[in-house]
Every structure is written in C-alpha cells, then in structure tokens.
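Have a look at structure.txt; it's compact mmCIF, C-alpha atoms:
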```
# COMPACT_ATOMS: atom_id res chain seq x y z
CA MET A 1 146.28 -6.19 43.48
CA LYS A 2 148.39 -3.32 42.30
CA LYS A 3 150.05 -5.49 39.70
CA LYS A 4 150.24 -4.30 36.11
CA LEU A 5 147.50 -5.59 33.82
CA ALA A 6 147.91 -9.26 33.10
CA VAL A 7 148.82 -10.18 29.54
CA LEU A 8 149.59 -13.42 27.79
CA ALA A 9 153.06 -14.77 28.35
CA ALA A 10 153.73 -14.89 24.65
CA VAL A 11 152.95 -11.20 24.35
CA LEU A 12 155.24 -10.49 27.27
CA MET A 13 158.06 -12.31 25.58
CA ALA A 14 157.64 -10.29 22.41
CA SER A 15 156.73 -6.83 23.74
CA ALA A 16 159.05 -4.38 25.46
CA VAL A 17 156.33 -2.04 26.68
CA VAL A 18 152.61 -2.51 27.27
CA GLY A 19 150.63 0.63 28.15
CA GLY A 20 153.88 2.43 28.88
CA CYS A 21 155.07 -0.14 31.46
CA ALA A 22 158.15 -2.27 31.11
CA GLN A 23 157.27 -5.92 30.61
CA LYS A 24 160.57 -7.51 29.63
CA ALA A 25 164.27 -6.89 29.46
CA PRO A 26 165.48 -4.30 26.93
CA GLU A 27 167.03 -5.80 23.79
CA THR A 28 170.44 -4.42 24.72
CA GLU A 29 171.22 -7.28 27.07
CA THR A 30 169.21 -10.27 28.23
CA GLN A 31 170.53 -11.66 31.47
CA THR A 32 169.96 -15.16 32.75
CA GLN A 33 170.62 -17.07 35.90
CA THR A 34 170.91 -20.73 36.67
CA GLN A 35 169.33 -22.46 39.65
CA THR A 36 172.30 -21.72 41.81
CA GLU A 37 171.52 -18.41 41.81
CA THR A 38 141.00 13.89 52.96
CA GLN A 39 142.50 16.28 55.62
CA THR A 40 141.23 19.40 57.53
CA GLU A 41 143.10 22.67 58.03
CA THR A 42 143.00 22.47 61.84
CA GLU A 43 146.06 21.85 63.96
CA THR A 44 145.09 18.21 64.39
CA GLU A 45 143.00 15.92 62.26
CA THR A 46 141.15 12.65 62.58
CA VAL A 47 143.01 10.43 60.19
CA ALA A 48 141.04 9.02 57.30
CA THR A 49 142.83 5.75 56.70
CA GLU A 50 142.93 5.21 53.00
CA ALA A 51 144.82 2.02 53.78
CA GLY A 52 142.82 -0.03 56.25
CA THR A 53 141.82 0.90 59.81
CA PHE A 54 145.20 0.91 61.53
CA ASP A 55 144.86 4.41 63.02
CA GLN A 56 141.20 5.10 62.21
CA GLY A 57 139.65 7.67 64.52
CA GLU A 58 142.92 8.64 66.19
CA ALA A 59 143.57 12.38 66.40
CA LEU A 60 147.04 13.01 65.02
CA PRO A 61 148.84 16.17 63.92
CA LYS A 62 148.08 17.22 60.38
CA GLY A 63 150.10 15.27 57.85
CA LYS A 64 151.01 12.53 60.34
CA VAL A 65 150.05 8.85 60.49
CA ARG A 66 151.04 5.73 62.41
CA SER A 67 153.77 3.70 60.80
CA TYR A 68 152.68 0.19 59.91
CA LEU A 69 156.23 -1.00 60.54
CA THR A 70 157.11 0.66 63.86
CA GLY A 71 153.84 1.96 65.34
CA LYS A 72 155.41 5.39 65.68
CA ILE A 73 153.94 8.67 64.39
CA VAL A 74 155.57 9.54 61.07
CA ASP A 75 154.99 11.86 58.13
CA LYS A 76 152.13 10.68 55.97
CA LYS A 77 154.33 10.85 52.87
CA ILE A 78 156.53 8.22 54.50
CA GLY A 79 154.04 6.11 56.42
CA ARG A 80 151.57 5.58 53.58
CA LYS A 81 154.05 4.74 50.86
CA ARG A 82 154.64 1.05 50.38
CA PRO A 83 157.97 -0.10 51.79
CA TYR A 84 160.67 -1.89 49.85
CA ALA A 85 161.57 -5.39 51.04
CA ILE A 86 165.15 -5.91 49.87
CA MET A 87 167.08 -9.17 49.89
CA LEU A 88 170.45 -8.71 51.60
CA ASN A 89 173.51 -10.89 51.51
CA ASN A 90 174.63 -12.13 54.93
CA ILE A 91 177.65 -14.35 54.33
CA TYR A 92 180.92 -13.30 55.96
CA GLY A 93 182.37 -11.92 52.71
CA ALA A 94 179.39 -9.61 52.27
CA ILE A 95 179.35 -7.90 55.64
CA PRO A 96 178.91 -5.26 56.82
CA GLN A 97 175.80 -4.48 54.80
CA ALA A 98 175.16 -0.96 53.54
CA GLY A 99 172.02 0.83 54.68
CA ILE A 100 170.62 -2.02 56.78
CA GLU A 101 170.38 0.26 59.82
CA ARG A 102 167.55 2.12 58.05
CA ALA A 103 165.38 -1.02 57.77
CA ASP A 104 162.46 -0.95 60.21
CA VAL A 105 161.88 -4.70 60.06
CA VAL A 106 164.45 -7.35 59.22
CA TYR A 107 163.72 -10.99 58.43
CA GLU A 108 166.47 -13.59 58.77
CA ALA A 109 165.95 -17.11 57.50
CA PRO A 110 168.13 -20.08 56.55
CA VAL A 111 168.97 -20.82 52.95
CA GLU A 112 171.08 -23.59 51.45
CA GLY A 113 174.34 -24.47 53.15
CA ALA A 114 173.03 -23.47 56.60
CA ILE A 115 173.82 -19.82 55.93
CA THR A 116 171.18 -17.16 56.49
CA ARG A 117 169.91 -14.44 54.21
CA LEU A 118 168.26 -11.20 55.28
CA MET A 119 165.32 -9.18 54.00
CA GLY A 120 165.28 -5.57 55.15
CA ILE A 121 161.93 -3.77 54.98
CA PHE A 122 162.48 -0.04 54.47
CA GLU A 123 159.81 2.59 55.07
CA ASP A 124 161.90 5.79 55.09
CA TYR A 125 164.34 5.25 52.24
CA ASP A 126 164.62 8.81 50.92
CA GLY A 127 168.18 9.74 50.06
CA MET A 128 169.61 6.24 50.37
CA GLU A 129 172.36 5.92 47.75
CA LYS A 130 173.75 2.51 48.66
CA ILE A 131 171.66 -0.45 49.81
CA GLY A 132 173.00 -3.97 49.83
CA SER A 133 174.62 -6.03 48.83
CA VAL A 134 171.48 -7.33 47.14
CA ARG A 135 171.05 -11.06 46.64
CA SER A 136 168.62 -13.52 45.12
CA CYS A 137 165.08 -14.51 46.01
CA ARG A 138 163.83 -17.56 47.84
CA GLU A 139 160.10 -18.28 47.63
CA TYR A 140 159.35 -18.00 51.34
CA TYR A 141 160.75 -14.47 51.45
CA VAL A 142 158.12 -13.45 48.91
CA HIS A 143 155.42 -14.55 51.34
CA PHE A 144 157.06 -12.61 54.18
CA ALA A 145 157.18 -9.49 51.99
CA LYS A 146 153.50 -9.88 51.11
CA GLU A 147 152.64 -9.65 54.81
CA PHE A 148 153.75 -6.01 54.67
CA ASP A 149 152.33 -5.18 51.19
CA ALA A 150 155.93 -4.42 50.29
CA LEU A 151 157.60 -4.01 46.91
CA TYR A 152 159.96 -6.99 46.78
CA VAL A 153 163.52 -6.37 45.55
CA HIS A 154 166.01 -9.09 44.58
CA TYR A 155 168.83 -9.83 42.18
CA GLY A 156 167.96 -13.20 40.70
CA GLN A 157 166.15 -16.12 42.24
CA ALA A 158 166.16 -19.84 42.83
CA VAL A 159 164.20 -21.58 40.08
CA TYR A 160 161.56 -22.61 42.63
CA ALA A 161 160.63 -18.94 43.08
CA CYS A 162 160.01 -18.21 39.40
CA GLU A 163 156.36 -19.17 39.32
CA ILE A 164 155.36 -17.03 42.27
CA LEU A 165 157.42 -14.09 41.01
CA ASN A 166 155.47 -14.29 37.74
CA SER A 167 152.09 -14.36 39.50
CA ASN A 168 150.77 -11.40 41.49
CA ILE A 169 153.98 -10.19 43.09
CA ASP A 170 155.17 -6.62 42.64
CA ASN A 171 158.85 -7.44 42.40
CA ILE A 172 161.92 -5.63 41.11
CA SER A 173 164.57 -7.96 39.76
CA GLY A 174 168.10 -7.62 38.45
CA LEU A 175 167.59 -10.44 35.96
CA SER A 176 165.15 -10.71 33.07
CA SER A 177 164.99 -14.47 32.63
CA GLN A 178 165.78 -17.77 34.30
CA GLU A 179 167.49 -20.69 32.63
CA GLY A 180 165.03 -23.56 32.43
CA PHE A 181 162.06 -21.27 33.04
CA GLY A 182 162.20 -18.35 30.62
CA GLN A 183 160.95 -14.79 30.82
CA LEU A 184 160.52 -13.17 34.22
CA TYR A 185 158.50 -10.12 35.18
CA GLY A 186 160.01 -7.43 37.39
CA TYR A 187 163.00 -6.47 35.25
CA ALA A 188 163.15 -2.70 34.69
CA GLY A 189 166.60 -2.48 33.14
CA GLU A 190 170.19 -2.96 34.18
CA GLU A 191 170.36 0.54 35.67
CA THR A 192 168.26 -0.57 38.68
CA PHE A 193 171.35 -2.07 40.28
CA TYR A 194 175.06 -1.27 40.20
CA ARG A 195 178.27 -3.00 41.19
CA THR A 196 181.22 -1.76 43.23
CA ASP A 197 184.87 -2.81 43.02
CA ASP A 198 185.46 -3.25 46.76
CA ARG A 199 184.17 -6.83 46.86
CA PRO A 200 184.08 -9.71 44.38
CA SER A 201 180.87 -10.63 42.59
CA PRO A 202 178.21 -11.60 43.57
CA HIS A 203 178.75 -9.76 46.86
CA ASN A 204 179.08 -6.29 45.30
CA CYS A 205 175.59 -5.63 43.89
CA TYR A 206 173.79 -2.57 45.26
CA THR A 207 170.81 -0.36 44.58
CA SER A 208 169.56 3.04 45.74
CA ALA A 209 166.27 4.74 46.57
CA ASP A 210 166.22 6.70 43.31
CA ARG A 211 166.90 3.59 41.25
CA LEU A 212 164.13 1.67 42.97
CA ILE A 213 161.62 4.48 42.58
CA GLU A 214 162.43 4.73 38.88
CA ALA A 215 162.03 0.97 38.47
CA THR A 216 158.71 1.10 40.30
CA LYS A 217 157.47 3.70 37.84
CA LYS A 218 158.70 1.74 34.82
CA LEU A 219 156.93 -1.38 36.02
CA CYS A 220 153.75 0.57 36.82
CA TYR A 221 153.55 -0.63 40.41
CA SER A 222 151.54 1.44 42.86
CA ARG A 223 153.58 3.13 45.56
CA GLU A 224 150.50 3.40 47.79
CA TYR A 225 149.38 0.71 50.21
CA ASP A 226 146.44 -1.44 49.18
CA LYS A 227 143.22 0.14 50.44
CA ASP A 228 142.49 -2.94 52.55
CA TYR A 229 145.92 -3.20 54.15
CA ASP A 230 145.70 -2.81 57.92
CA GLY A 231 149.21 -3.37 59.20
CA HIS A 232 151.09 -6.30 60.64
CA TYR A 233 151.87 -5.90 64.34
CA GLN A 234 149.81 -4.81 67.34
CA PHE A 235 151.83 -1.99 68.90
CA ALA A 236 151.73 -0.46 72.36
CA GLY A 237 150.50 3.10 72.71
CA ASP A 238 152.77 6.13 72.99
CA ASP A 239 152.75 6.10 76.79
CA GLN A 240 152.83 2.34 77.21
CA THR A 241 155.68 -0.12 77.68
CA VAL A 242 155.14 -3.81 77.16
CA THR A 243 157.01 -6.30 79.32
CA PHE A 244 156.50 -10.00 79.88
CA THR A 245 157.09 -12.16 82.96
CA ASP A 246 160.19 -14.11 82.04
CA PRO A 247 163.63 -12.47 81.63
CA ALA A 248 165.58 -12.60 78.37
CA THR A 249 168.72 -10.50 78.27
CA HIS A 250 170.79 -12.79 76.03
CA ILE A 251 169.12 -14.72 73.20
CA GLU A 252 170.32 -16.90 70.33
CA PRO A 253 168.22 -18.35 67.46
CA GLY A 254 170.67 -21.21 66.97
CA TYR A 255 171.88 -20.61 63.41
CA GLU A 256 174.97 -22.70 62.75
CA VAL A 257 177.16 -20.60 60.44
CA ASN A 258 176.91 -16.97 61.51
CA GLU A 259 176.01 -17.93 65.11
CA PRO A 260 174.11 -14.70 65.86
CA TRP A 261 172.94 -13.45 69.21
CA PHE A 262 171.21 -10.43 70.75
CA ASP A 263 172.16 -8.79 74.05
CA TYR A 264 169.73 -6.53 75.88
CA ASN A 265 170.93 -3.05 76.84
CA ALA A 266 168.82 -2.01 79.82
CA ASP A 267 169.91 1.64 79.64
CA GLU A 268 168.59 1.99 76.09
CA GLY A 269 165.84 -0.63 76.26
CA VAL A 270 166.94 -2.34 73.03
CA TYR A 271 168.58 -5.55 71.85
CA TYR A 272 171.97 -5.21 70.18
CA ARG A 273 172.75 -7.62 67.35
CA TYR A 274 175.91 -9.71 66.97
CA GLN A 275 177.08 -12.36 64.50
CA TYR A 276 180.28 -14.04 63.36
CA GLY A 277 181.69 -13.36 66.81
CA ASP A 278 181.38 -9.59 66.66
CA ALA A 279 178.95 -6.68 66.65
CA GLN A 280 176.90 -6.42 63.46
CA ILE A 281 177.22 -2.92 62.06
CA ASP A 282 176.07 -0.82 59.13
CA GLN A 283 178.86 -0.20 56.62
CA LEU A 284 177.82 3.39 56.01
CA THR A 285 177.49 4.60 59.61
CA GLY A 286 179.53 2.15 61.64
CA ASP A 287 176.62 1.90 64.06
CA GLN A 288 175.79 -1.43 65.64
CA LEU A 289 172.34 -2.74 64.74
CA LYS A 290 169.76 -2.59 67.55
CA TYR A 291 166.10 -3.50 67.84
CA ASP A 292 163.17 -2.85 70.15
CA ASN A 293 161.60 -6.24 69.47
CA VAL A 294 162.99 -9.61 68.43
CA ILE A 295 160.84 -12.53 67.31
CA PHE A 296 161.89 -16.14 66.86
CA GLN A 297 159.28 -17.68 64.55
CA LEU A 298 159.43 -21.46 64.24
CA CYS A 299 158.47 -22.87 60.86
CA GLU A 300 158.44 -26.25 59.17
CA CYS A 301 161.50 -26.45 56.91
CA TYR A 302 162.56 -29.19 54.52
CA PRO A 303 164.93 -29.61 51.54
CA LEU A 304 163.66 -29.40 47.97
CA ASP A 305 166.60 -31.03 46.22
CA ASP A 306 170.16 -32.25 46.52
CA HIS A 307 171.46 -28.68 46.18
CA GLY A 308 170.00 -27.85 49.59
CA TYR A 309 167.33 -25.42 48.45
CA LEU A 310 164.74 -25.13 51.20
CA ALA A 311 160.99 -24.94 51.50
CA ILE A 312 159.81 -23.02 54.53
CA GLU A 313 156.12 -23.20 55.37
CA ALA A 314 155.09 -19.58 55.83
CA GLU A 315 151.39 -20.25 56.44
CA LYS A 316 150.93 -23.24 58.75
CA GLY A 317 151.64 -21.43 62.01
CA GLY A 318 153.44 -22.75 65.05
CA THR A 319 155.44 -21.66 68.06
CA ALA A 320 157.04 -18.24 68.43
CA TYR A 321 159.08 -16.38 71.02
CA VAL A 322 158.57 -12.63 71.35
CA PHE A 323 161.32 -10.64 73.09
CA THR A 324 161.09 -7.02 74.21
CA LYS A 325 162.51 -4.91 77.04
CA GLY A 326 164.62 -7.76 78.36
CA THR A 327 161.63 -10.11 78.74
CA TYR A 328 159.91 -12.71 76.60
CA GLU A 329 156.70 -14.60 75.97
CA LYS A 330 156.42 -18.00 74.35
CA CYS A 331 153.38 -17.87 72.12
CA THR A 332 151.68 -19.17 68.99
CA TRP A 333 151.77 -17.62 65.53
CA THR A 334 149.00 -18.06 62.97
CA LYS A 335 147.96 -16.74 59.56
CA ASP A 336 144.53 -16.53 57.93
CA ASP A 337 146.06 -17.38 54.56
CA ILE A 338 149.39 -17.31 52.77
CA GLU A 339 149.22 -13.57 52.02
CA SER A 340 147.94 -12.31 55.37
CA PRO A 341 150.24 -11.08 58.17
CA ALA A 342 151.37 -13.46 60.88
CA ARG A 343 149.68 -12.81 64.22
CA TYR A 344 151.03 -13.80 67.62
CA PHE A 345 148.83 -15.02 70.51
CA ASP A 346 149.48 -15.93 74.13
CA GLU A 347 148.20 -19.12 75.77
CA ASP A 348 144.87 -17.40 76.60
CA GLY A 349 144.29 -16.44 72.97
CA ASN A 350 145.11 -12.76 73.38
CA GLU A 351 147.08 -11.12 70.59
CA ILE A 352 150.58 -10.18 71.66
CA THR A 353 151.35 -6.47 71.80
CA ILE A 354 154.91 -5.36 71.07
CA ASN A 355 156.64 -2.08 71.78
CA GLN A 356 156.94 0.64 69.19
CA GLY A 357 160.14 0.58 67.20
CA LYS A 358 162.20 -1.73 65.03
CA THR A 359 161.74 -5.49 64.89
CA TRP A 360 164.04 -8.36 63.88
CA VAL A 361 162.42 -11.70 62.99
CA CYS A 362 164.46 -14.92 62.99
CA VAL A 363 162.82 -17.82 61.17
CA VAL A 364 163.91 -21.02 62.92
CA TYR A 365 163.49 -24.69 62.03
CA ASP A 366 160.65 -26.09 64.14
CA THR A 367 162.82 -29.18 64.66
CA LYS A 368 165.65 -27.10 66.15
CA GLU A 369 163.80 -25.39 68.99
CA ASP A 370 166.22 -26.99 71.41
CA GLN A 371 169.05 -24.94 69.89
CA ILE A 372 167.44 -21.65 70.95
CA VAL A 373 169.21 -20.01 73.89
CA ILE A 374 167.38 -17.69 76.30
CA GLU A 375 169.22 -16.34 79.33
```
Please express what this file holds, its structure, as structure tokens.
Amino acid sequence: MKKKLAVLAAVLMASAVVGGCAQKAPETETQTQTQTETQTETETETVATEAGTFDQGEALPKGKVRSYLTGKIVDKKIGRKRPYAIMLNNIYGAIPQAGIERADVVYEAPVEGAITRLMGIFEDYDGMEKIGSVRSCREYYVHFAKEFDALYVHYGQAVYACEILNSNIDNISGLSSQEGFGQLYGYAGEETFYRTDDRPSPHNCYTSADRLIEATKKLCYSREYDKDYDGHYQFAGDDQTVTFTDPATHIEPGYEVNEPWFDYNADEGVYYRYQYGDAQIDQLTGDQLKYDNVIFQLCECYPLDDHGYLAIEAEKGGTAYVFTKGTYEKCTWTKDDIESPARYFDEDGNEITINQGKTWVCVVYDTKEDQIVIE
C-alpha cells in the first residue's frame, strides 16, 4: 500500500506532522461532523509497464500509454498517475455539477432517502479549478474507488465509514474528526476545499486540481499507481467496435428520486444522460454528459439503521447489464476480493469487452431488477 507509515492512534491524536506528512488537523480549527453527515529514444517504444501488465509488449509512441480508465492512448504523465475519485452531490439543489464532464468513469449509487450520490473518477484533471460540489463518504464508495487504485476525495462521512477510512485508504477529507468516533486520517487542512456563495451549504463545497495535488503531497500519498495494478476493464482494440445481440437505445436504472435515463445517439455512438426530467449537463461547459459504455451493476443492499444509511455489498457479485453502441448483454459480475476490480462475464464464462471511452456505472438494488427499463 502507498499509505503513510502506520503509527499509533494516540500519537496521531497528539502529533501534527510525522516524517513531514500531515497526520491530523492543524490546531487552528478542528472540524467535526455528526452521523448525518525505462524508455528508448526511437520513434516508438515497447512499453515497460511499471504498473501491472495492462499494455505490456504493445508498441506505442514514445511517452504514451493505455489509459486504465478509457483504454485510449494517452500521455504517460496522465495515464500513469493515480486518478482522483471524488464524491459529488446529486440532489436537485446541487445540479449541475462542476467539472463532472472531465470524469472518465462515474459511479452512481443510492444513499439514504432514495437519492443517489455520484463518484467521478478523474484521470486528466490538470487545470481544473472547480470540481463539485463535493459531498460525504459512504463505505461502499471506498470499495469502488479501490478498484481503480484511486485517491478518494470526500467532505465528511457517515460514521459507518470511519473505520475503513482510518485503515489503508488513501483518502482526502474536508473534516478532521467524527463525533462519536474521534480523529480521522486524510485531513490536510481547510484549504483543500472552498465554498462558493451561489448555493446554500452543504451544496457549495468545491475543490480544484491544485488543491488536491497539494493535499496529496501533505499526506505523503503516492501519485503513482501501485506496481501490481493492472486496470479494471477489458477494452476493445483501436480498430474494434464491440456490439451485442440485443438492442438498447433507451435505458433506465430505476432510481426513484432523480429518475435518470440514457438515450443512445446512433450518429455519435454514445449514450446521453438525463435526470430530473432534463438533460444532465456540466455547469462549467453547458455540455450534456455522454458515455460510451453504461453498466447496471446489481448489488445486495440493506439498511443499517433507522436513519436510512445503507450497506451495499461490493464484493459478493451478481447480475449486471452492459450497454454499448445501442446494444446490451446481461451478464455476471464477480470480484476476487473486496479490493480487486469487478469483472464482467457472459453466460459462457468469457470476460465482457467494452468499447474504449467513458463509462457510467449505476449500482442497483438486486431486489429492484424489475424496475430496470431497456428499450
């Protein structure tokens, strides 16, 4: 793990810096939150994959690698830096989100009150000055972030997530402690996030690429992928297009509050995203969100308490629907363990290949499969 050296909790509570890395909130203000909240000089090179075997042996232009998130050829300085997985608010009062269009993978899952929350996974974040609004952690999102070896970004957390956040998770948090739990790792100072005056709190909390990079340095997290990381999805080649047998030009995951759907645009070969009765756009560009692949991943979900906090089983596996190019395949998803990437297999046991590009994953109750719409 790329986590900072482990130290005793008591030392963490008393020390501001260990080996030059931030370990607790500065004394200026302690914030709390309740529950509610090697390369050759030739024109091309055979890539030596310091992170796994994703593109091992493939001849690529010098300084280029395959993106773990999209399967596309990207600059090595982008494609071999760990992505940031950022929690994004998705209630009506918090839309449109800022910067979400730049996320290569988006996870959407239910939280309390039947609303959904998003986690955008950003590979190319250079120059991003406004990302958000940023919201709090739920434990299952941590597991999803781990599948991508991502640096996990959140502003606060449900109390059920505190233990995992204080384990082996490289996380960047807006809060230094949790009422009823105590000190939390991942706090690099109040300057990591900022608030705007265009929306009421808590829907006005944002961060930026520079702020996240500075926090990563303060917390002594590695910005390089783990040497054993080998990617998440199986992507089609540059000259290949994946299609399945059954058509799927209009799809709905069945969420009750935002009632999202995706419509396939055959001219562009992508799915456009809608919710709350309208196109979902990026606040900064005005562009509607669109994706090359959409996955509905069914998981066991159950309540943890009377407040409606959820547990979502991110390891057990189950049914999934993979949509691409206006077609779909019903398949099975599995994981080797809680930290490994989910893999998708057809009925013959072959791993599903998806098209290069962006992917949106909807996590759906396994008991609500009948609410999924595919037309």
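Of the residues listed (A:Tyr206, A:Tyr141, A:Phe181, A:Tyr264), A:Tyr141 shows the shortest atom-to-atom separation from Glu339 of chain A; distances use all atoms listed in the file.
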request  = Would you mind reading off the distance between atom CA of Cys205 of chain A and atom CA of Trp261 of chain A, one decimal, in Å?
outcome  = 26.6 Å
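Minimum atom-to-atom distance to Tyr125 of chain A, evaluated using all atoms listed in the file, belongs to A:Ile78 out of A:Leu88, A:Ala314, A:Ile78, A:Val142.
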Mind running segment 307-350 of chain A against segment 115-120 of chain A at 12 Å and telling me each contacting residue's nearest atom pair with the distance in Å (one decimal), counting only C-alpha atoms, chain and number ascending, as CSV?
```
residue,atom,partner,partner_atom,distance
A:Gly308,CA,A:Ile115,CA,10.9
A:Tyr309,CA,A:Ile115,CA,11.4
A:Leu310,CA,A:Thr116,CA,11.5
```
task = May I ask which of the residues A:Gln97, A:Ser208, A:Gln297, A:Gln280 is the closest one to Pro253 of chain A, counting only C-alpha atoms?
result = A:Gln297
ask   = How many Å lie between atom CA of Glu300 of chain A and atom CA of Thr334 of chain A, rounded to one decimal?
value =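 Computing it gives 13.1 Å between the two atoms.
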query = Pick from A:Glu329, A:Glu315, A:Glu347, A:Glu224: nearest to Pro247 of chain A, with only C-alpha atoms counted?
reply = A:Glu329
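Among A:Leu165, A:Ala109, A:Val74, A:Leu60, the residue with the shortest atom-to-atom distance to Leu298 of chain A, counting all atoms listed in the file, is A:Ala109.
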remark   = The residue from A:Tyr274, A:Tyr233, A:Phe262, A:Tyr302 with the smallest atom-to-atom distance to Thr353 of chain A, counting only C-alpha atoms, is A:Tyr233
ask   = Suppose you want the space between atom CA of Asp306 of chain A and atom CA of Lys368 of chain A; what is it in Å?
value = 20.8 Å
Residues within 8 Å of segment 129-135 of chain A, all atoms listed in the file, excluding chain neighbours under 4 positions, as a VMD selection string = chain A and resid 86 to 89 94 97 to 100 154 to 156 202 to 210
message = Around (149.0, -18.6, 65.7), as given in the file, which residues come within 12 Å? Count only C-alpha atoms and list them as an MDAnalysis selection string.
response = chainID A and resid 297:299 314:321 330:337 341:352
task = Take the point (160.3, -4.6, 38.9) as written in the file and pick out every residue within 7 Å of it, counting all atoms listed in the file; give the list as a PyMOL selection string.
result = chain A and resi 170-173+185-188+215-216+219
